[in-house]
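Here is the structure we will look at.
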Amino acid sequence: MRPLLIFGASRGVGLELARLECAAGRYVVAPVRRQSDVTALADTGAIVEHCDALSPTDVAGVMSRISGDFEIVSTLGGQARDGRRADDEGNINVIDAAVATGRVRRLLLVTSIGCGEMAPFRSARAIAAFGAAVDAKTRAEERLRATTLDWTILRPGGLVSEPATGRGLLLQGADVHGFIHRADVAQLASRALRDPDTIGHAYAAVDAQRIIPHQYP
């Protein structure tokens, strides 16, 4: 297995994925902000590096320290105090640096249901609560799609912090909505990295028992 760089691994889906991949024996590097609590991350066995994803220099520096070809998963999101968003700017920094290395063989981007072609099916409530973040994630998706990287996009539904259920599904349909546990998203991401048939596709990630189709405005 090639080394794996996980951006956003201090918590949530990224942390769950670090646990899975380290347990599988993969060499995992987890770039995190200096102020992040890395207690749980350090317990996974991942190599923790300090990196601000909003800094192109930091992001490129982390990648330069990995030898040979490698793979990337980014679960970046959130907004800095100055208003800049990791949802677009941070992810775009990762994407651009990955292209520049010429050594990234796979990039999996975790965004959100409602991105891209799913936008017309967002509810008014979702737009009010998450619209700016989802629009920013869409910009990152667009940048990734424009590259020649072997990319896959996962768009989780509403996220739940409970143990994995094993019921996670990857679906293609603009009107899909639902919920899913973070640990199940990590399982789906791990499988997608190993499945070449997912290259060049974007999927909604939902729990098979918590799907809500046809979510119209």
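Order determines the names: the first chain of the structure tokens is A, the second B, and so forth; residues in each chain are numbered 1 upward, and ligands are numbered 1 upward as they are shown.
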Show which residues sit within 7 Å of stretch 60-76 of chain A, as a VMD selection string. Count only C-alpha atoms, and ignore same-chain residues fewer than 4 positions away.
-> chain A and resid 2 to 8 13 to 14 56 86 to 87 90 to 91 97 103 to 111
Please produce a file of those selected residues containing N, CA and C atoms, as a PDB file, in the first residue's frame.
```pdb
ATOM      1  N   ARG A   2       0.504   2.209  -0.811  1.00  0.00           N
ATOM      2  CA  ARG A   2       1.234   3.469  -0.827  1.00  0.00           C
ATOM      3  C   ARG A   2       0.957   4.241   0.456  1.00  0.00           C
ATOM      4  N   PRO A   3       1.887   5.125   0.857  1.00  0.00           N
ATOM      5  CA  PRO A   3       1.604   5.995   1.999  1.00  0.00           C
ATOM      6  C   PRO A   3       0.324   6.798   1.764  1.00  0.00           C
ATOM      7  N   LEU A   4      -0.373   7.112   2.847  1.00  0.00           N
ATOM      8  CA  LEU A   4      -1.624   7.863   2.756  1.00  0.00           C
ATOM      9  C   LEU A   4      -1.525   9.129   3.585  1.00  0.00           C
ATOM     10  N   LEU A   5      -1.844  10.237   2.964  1.00  0.00           N
ATOM     11  CA  LEU A   5      -1.870  11.541   3.624  1.00  0.00           C
ATOM     12  C   LEU A   5      -3.338  11.890   3.867  1.00  0.00           C
ATOM     13  N   ILE A   6      -3.710  12.081   5.140  1.00  0.00           N
ATOM     14  CA  ILE A   6      -5.108  12.402   5.467  1.00  0.00           C
ATOM     15  C   ILE A   6      -5.174  13.812   6.033  1.00  0.00           C
ATOM     16  N   PHE A   7      -5.797  14.714   5.311  1.00  0.00           N
ATOM     17  CA  PHE A   7      -6.038  16.066   5.801  1.00  0.00           C
ATOM     18  C   PHE A   7      -7.385  16.095   6.519  1.00  0.00           C
ATOM     19  N   GLY A   8      -7.390  16.629   7.742  1.00  0.00           N
ATOM     20  CA  GLY A   8      -8.610  16.671   8.528  1.00  0.00           C
ATOM     21  C   GLY A   8      -8.745  15.476   9.448  1.00  0.00           C
ATOM     22  N   VAL A  13     -14.573  12.028  10.397  1.00  0.00           N
ATOM     23  CA  VAL A  13     -14.318  11.007   9.390  1.00  0.00           C
ATOM     24  C   VAL A  13     -12.823  10.775   9.209  1.00  0.00           C
ATOM     25  N   GLY A  14     -12.047  11.849   9.205  1.00  0.00           N
ATOM     26  CA  GLY A  14     -10.606  11.706   9.017  1.00  0.00           C
ATOM     27  C   GLY A  14      -9.951  10.887  10.106  1.00  0.00           C
ATOM     28  N   PRO A  56      -0.587  27.476   1.393  1.00  0.00           N
ATOM     29  CA  PRO A  56      -0.058  26.626   0.315  1.00  0.00           C
ATOM     30  C   PRO A  56       1.357  26.148   0.600  1.00  0.00           C
ATOM     31  N   ALA A  86     -11.713  26.356   4.926  1.00  0.00           N
ATOM     32  CA  ALA A  86     -10.979  25.164   4.505  1.00  0.00           C
ATOM     33  C   ALA A  86     -11.787  24.376   3.489  1.00  0.00           C
ATOM     34  N   ASP A  87     -13.120  24.553   3.506  1.00  0.00           N
ATOM     35  CA  ASP A  87     -14.002  23.844   2.585  1.00  0.00           C
ATOM     36  C   ASP A  87     -13.578  24.043   1.138  1.00  0.00           C
ATOM     37  N   GLY A  90      -8.738  25.541   1.637  1.00  0.00           N
ATOM     38  CA  GLY A  90      -7.857  24.490   2.137  1.00  0.00           C
ATOM     39  C   GLY A  90      -7.812  23.304   1.194  1.00  0.00           C
ATOM     40  N   ASN A  91      -8.974  22.850   0.758  1.00  0.00           N
ATOM     41  CA  ASN A  91      -9.011  21.713  -0.161  1.00  0.00           C
ATOM     42  C   ASN A  91      -8.350  22.032  -1.495  1.00  0.00           C
ATOM     43  N   ALA A  97      -1.411  21.331  -4.736  1.00  0.00           N
ATOM     44  CA  ALA A  97      -0.114  20.789  -4.334  1.00  0.00           C
ATOM     45  C   ALA A  97       0.031  19.347  -4.805  1.00  0.00           C
ATOM     46  N   ARG A 103       3.263  13.024  -8.032  1.00  0.00           N
ATOM     47  CA  ARG A 103       3.446  11.728  -7.375  1.00  0.00           C
ATOM     48  C   ARG A 103       2.182  11.217  -6.685  1.00  0.00           C
ATOM     49  N   VAL A 104       1.110  11.963  -6.797  1.00  0.00           N
ATOM     50  CA  VAL A 104      -0.140  11.546  -6.151  1.00  0.00           C
ATOM     51  C   VAL A 104      -0.924  10.665  -7.116  1.00  0.00           C
ATOM     52  N   ARG A 105      -1.152   9.426  -6.699  1.00  0.00           N
ATOM     53  CA  ARG A 105      -1.812   8.458  -7.568  1.00  0.00           C
ATOM     54  C   ARG A 105      -3.311   8.352  -7.313  1.00  0.00           C
ATOM     55  N   ARG A 106      -3.767   8.947  -6.217  1.00  0.00           N
ATOM     56  CA  ARG A 106      -5.189   8.844  -5.876  1.00  0.00           C
ATOM     57  C   ARG A 106      -5.525   9.983  -4.937  1.00  0.00           C
ATOM     58  N   LEU A 107      -6.643  10.665  -5.174  1.00  0.00           N
ATOM     59  CA  LEU A 107      -7.101  11.703  -4.253  1.00  0.00           C
ATOM     60  C   LEU A 107      -8.593  11.529  -4.048  1.00  0.00           C
ATOM     61  N   LEU A 108      -8.966  11.305  -2.807  1.00  0.00           N
ATOM     62  CA  LEU A 108     -10.370  11.156  -2.444  1.00  0.00           C
ATOM     63  C   LEU A 108     -10.776  12.351  -1.601  1.00  0.00           C
ATOM     64  N   LEU A 109     -11.799  13.051  -2.053  1.00  0.00           N
ATOM     65  CA  LEU A 109     -12.278  14.254  -1.389  1.00  0.00           C
ATOM     66  C   LEU A 109     -13.634  13.987  -0.748  1.00  0.00           C
ATOM     67  N   VAL A 110     -13.725  14.259   0.552  1.00  0.00           N
ATOM     68  CA  VAL A 110     -14.991  14.096   1.272  1.00  0.00           C
ATOM     69  C   VAL A 110     -15.630  15.475   1.408  1.00  0.00           C
ATOM     70  N   THR A 111     -16.810  15.649   0.818  1.00  0.00           N
ATOM     71  CA  THR A 111     -17.485  16.946   0.856  1.00  0.00           C
ATOM     72  C   THR A 111     -18.830  16.809   1.582  1.00  0.00           C
TER      73      THR A 111
END
```
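Those residues that approach stretch 150-163 of chain A to within 6 Å, counting only C-alpha atoms, are Arg106, Leu107, Leu108, Leu109, Val110, Thr111, Ser112, Ile113, Gly178, Phe179, Ile180, His181, Arg182, Ile199, Gly200, His201, Ala202, Tyr203, Ala204, Ala205 and Val206 of chain A; same-chain residues fewer than 5 positions away are not listed.
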How would the residues just chosen look if you wrote them out with N, CA and C atoms as a CSV table (one decimal), in the first residue's frame?
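File written: out_24.csv
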```csv
chain,number,residue,atom,x,y,z
A,106,ARG,N,-3.8,8.9,-6.2
A,106,ARG,CA,-5.2,8.8,-5.9
A,106,ARG,C,-5.5,10.0,-4.9
A,107,LEU,N,-6.6,10.7,-5.2
A,107,LEU,CA,-7.1,11.7,-4.3
A,107,LEU,C,-8.6,11.5,-4.0
A,108,LEU,N,-9.0,11.3,-2.8
A,108,LEU,CA,-10.4,11.2,-2.4
A,108,LEU,C,-10.8,12.4,-1.6
A,109,LEU,N,-11.8,13.1,-2.1
A,109,LEU,CA,-12.3,14.3,-1.4
A,109,LEU,C,-13.6,14.0,-0.7
A,110,VAL,N,-13.7,14.3,0.6
A,110,VAL,CA,-15.0,14.1,1.3
A,110,VAL,C,-15.6,15.5,1.4
A,111,THR,N,-16.8,15.6,0.8
A,111,THR,CA,-17.5,16.9,0.9
A,111,THR,C,-18.8,16.8,1.6
A,112,SER,N,-19.9,17.0,0.9
A,112,SER,CA,-21.2,16.9,1.5
A,112,SER,C,-22.3,16.7,0.5
A,113,ILE,N,-23.4,16.0,0.9
A,113,ILE,CA,-24.6,16.0,0.1
A,113,ILE,C,-25.1,17.4,-0.1
A,178,GLY,N,-30.0,11.8,3.3
A,178,GLY,CA,-30.1,10.9,4.4
A,178,GLY,C,-29.1,11.2,5.5
A,179,PHE,N,-28.8,10.2,6.3
A,179,PHE,CA,-27.8,10.3,7.4
A,179,PHE,C,-26.9,9.1,7.3
A,180,ILE,N,-25.7,9.3,8.0
A,180,ILE,CA,-24.7,8.2,8.0
A,180,ILE,C,-23.8,8.5,9.2
A,181,HIS,N,-23.3,7.4,9.8
A,181,HIS,CA,-22.3,7.5,10.9
A,181,HIS,C,-20.9,7.8,10.3
A,182,ARG,N,-20.2,8.7,11.0
A,182,ARG,CA,-18.8,9.0,10.5
A,182,ARG,C,-18.0,7.8,10.3
A,199,ILE,N,-13.0,5.6,-9.5
A,199,ILE,CA,-12.3,6.8,-10.0
A,199,ILE,C,-13.1,7.6,-11.0
A,200,GLY,N,-13.1,8.9,-10.8
A,200,GLY,CA,-13.8,9.8,-11.7
A,200,GLY,C,-15.3,9.9,-11.4
A,201,HIS,N,-15.7,9.5,-10.2
A,201,HIS,CA,-17.1,9.5,-9.9
A,201,HIS,C,-17.3,10.2,-8.5
A,202,ALA,N,-18.5,10.8,-8.4
A,202,ALA,CA,-19.0,11.4,-7.1
A,202,ALA,C,-20.1,10.6,-6.6
A,203,TYR,N,-20.1,10.4,-5.3
A,203,TYR,CA,-21.2,9.5,-4.7
A,203,TYR,C,-21.8,10.2,-3.5
A,204,ALA,N,-23.1,10.0,-3.3
A,204,ALA,CA,-23.7,10.3,-2.0
A,204,ALA,C,-23.4,9.1,-1.1
A,205,ALA,N,-23.0,9.4,0.2
A,205,ALA,CA,-22.8,8.4,1.2
A,205,ALA,C,-23.8,8.4,2.3
A,206,VAL,N,-24.6,7.4,2.3
A,206,VAL,CA,-25.8,7.4,3.3
A,206,VAL,C,-25.9,6.0,3.9
```
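You can rank A:Val38, A:Val48, A:Ala164, A:Met118 by their closest distance to A:Glu16 using only C-alpha atoms, and at the top of that list sits A:Ala164.
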As a VMD selection string, which residues of chain A does DSSP assign to helix (DSSP H, G or I)?
-> chain A and resid 12 to 23 39 to 44 56 to 64 86 to 101 116 to 121 124 to 145 182 to 193 196 to 198
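Proximity of A:Ala208, A:Val94, A:Val185, A:Leu54 to A:Ala140, computed with only C-alpha atoms, is greatest for A:Val94.
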